[in-house]
Amino acid sequence: MSGIPAENTTNTTIDTQISEPQEAQSTSGIQECVQESMETYFSNLDGQGTNELYKMVISEVEQPLLRVVLKHTRGNQTRAAEILGINRGTLRKKLKMYDLG
């Protein structure tokens with residue numbers, strides 16, 4: 001039928017293309033991984049207490065994050081800082097803190 005305007009077809013195509021951003025899909029996977037890891041961590045504590053959990057988790061996540069981003073940028077710290085959304089000085093401080101630089 002020729003009763004459907006061309007612009008409706010275009011809108012349908014655009015809606016389909018932007019319905020599920022790739023970034024949202026990978027963020028969900030990261031969240032699931034962290035949740036499962038934390039549940040396992042608490043399960044393995046077997047009633048024992050824990051301290052400084054936030055610091056430990058950030059350290060455990062931040063180190064591989066920095067390694068992978070630097071690998072992705074082939075060691076370009078300026079580009080890595082841009083990808084991470086932090087300034088280059090902060091990146092250098094973190095690299096030194098984790099002995100990655």
# chains A, B, ... in the order shown; residues from 1 in each chain; ligands from 1

call {"tool": "residues_around", "arguments": {"residues": "Ala80 in chain A", "least_positions_apart": "2", "cutoff": "6 Å", "atoms": "only C-alpha atoms", "output": "JSON, numbers by chain"}}
result
{"A": [69, 70, 77, 78, 82, 83]}

call {"tool": "write_last_selection", "arguments": {"atoms": "C-alpha atoms", "output": "mmCIF file, in the first residue's frame"}}
result
data_model
loop_
_atom_site.group_PDB
_atom_site.id
_atom_site.type_symbol
_atom_site.label_atom_id
_atom_site.label_comp_id
_atom_site.auth_asym_id
_atom_site.auth_seq_id
_atom_site.Cartn_x
_atom_site.Cartn_y
_atom_site.Cartn_z
ATOM 1 C CA VAL A 69 42.477 0.644 28.917
ATOM 2 C CA LEU A 70 46.225 1.228 28.632
ATOM 3 C CA GLN A 77 48.045 7.888 28.777
ATOM 4 C CA THR A 78 46.341 10.967 27.343
ATOM 5 C CA GLU A 82 40.019 10.564 28.025
ATOM 6 C CA ILE A 83 38.421 7.112 27.780
#

call {"tool": "residues_around", "arguments": {"residues": "range 48-65 of chain A", "least_positions_apart": "5", "cutoff": "9 Å", "atoms": "only C-alpha atoms", "output": "list in words"}}
result
Val34, Met38, Phe42, Leu70, Lys94, Leu95, Tyr98 and Leu100 of chain A

call {"tool": "write_last_selection", "arguments": {"atoms": "N, CA and C atoms", "output": "mmCIF file, in the first residue's frame"}}
result
data_model
loop_
_atom_site.group_PDB
_atom_site.id
_atom_site.type_symbol
_atom_site.label_atom_id
_atom_site.label_comp_id
_atom_site.auth_asym_id
_atom_site.auth_seq_id
_atom_site.Cartn_x
_atom_site.Cartn_y
_atom_site.Cartn_z
ATOM 1 N N VAL A 34 30.186 -8.187 38.966
ATOM 2 C CA VAL A 34 30.529 -7.659 40.290
ATOM 3 C C VAL A 34 29.582 -8.216 41.342
ATOM 4 N N MET A 38 30.721 -10.455 44.523
ATOM 5 C CA MET A 38 30.481 -10.018 45.895
ATOM 6 C C MET A 38 29.685 -11.067 46.670
ATOM 7 N N PHE A 42 31.092 -12.888 50.072
ATOM 8 C CA PHE A 42 30.413 -12.972 51.363
ATOM 9 C C PHE A 42 30.115 -14.420 51.754
ATOM 10 N N LEU A 70 44.890 0.900 29.146
ATOM 11 C CA LEU A 70 46.225 1.228 28.632
ATOM 12 C C LEU A 70 46.622 0.313 27.477
ATOM 13 N N LYS A 94 47.235 7.107 39.818
ATOM 14 C CA LYS A 94 46.704 5.757 40.009
ATOM 15 C C LYS A 94 47.670 4.704 39.476
ATOM 16 N N LEU A 95 48.295 4.973 38.349
ATOM 17 C CA LEU A 95 49.270 4.038 37.789
ATOM 18 C C LEU A 95 50.441 3.850 38.750
ATOM 19 N N TYR A 98 49.364 1.770 41.892
ATOM 20 C CA TYR A 98 49.248 0.328 41.637
ATOM 21 C C TYR A 98 50.505 -0.251 40.994
ATOM 22 N N LEU A 100 51.785 0.374 38.091
ATOM 23 C CA LEU A 100 51.481 -0.003 36.707
ATOM 24 C C LEU A 100 52.182 0.906 35.697
#

call {"tool": "atom_distance", "arguments": {"atom1": "CA of Gly75 in chain A", "atom2": "CA of Gly101 in chain A"}}
result
9.4 Å

call {"tool": "closest_residue", "arguments": {"among": "A:Ile30, A:Glu39, A:Lys93, A:Leu84", "to": "Val68 in chain A", "atoms": "only C-alpha atoms"}}
result
A:Leu84
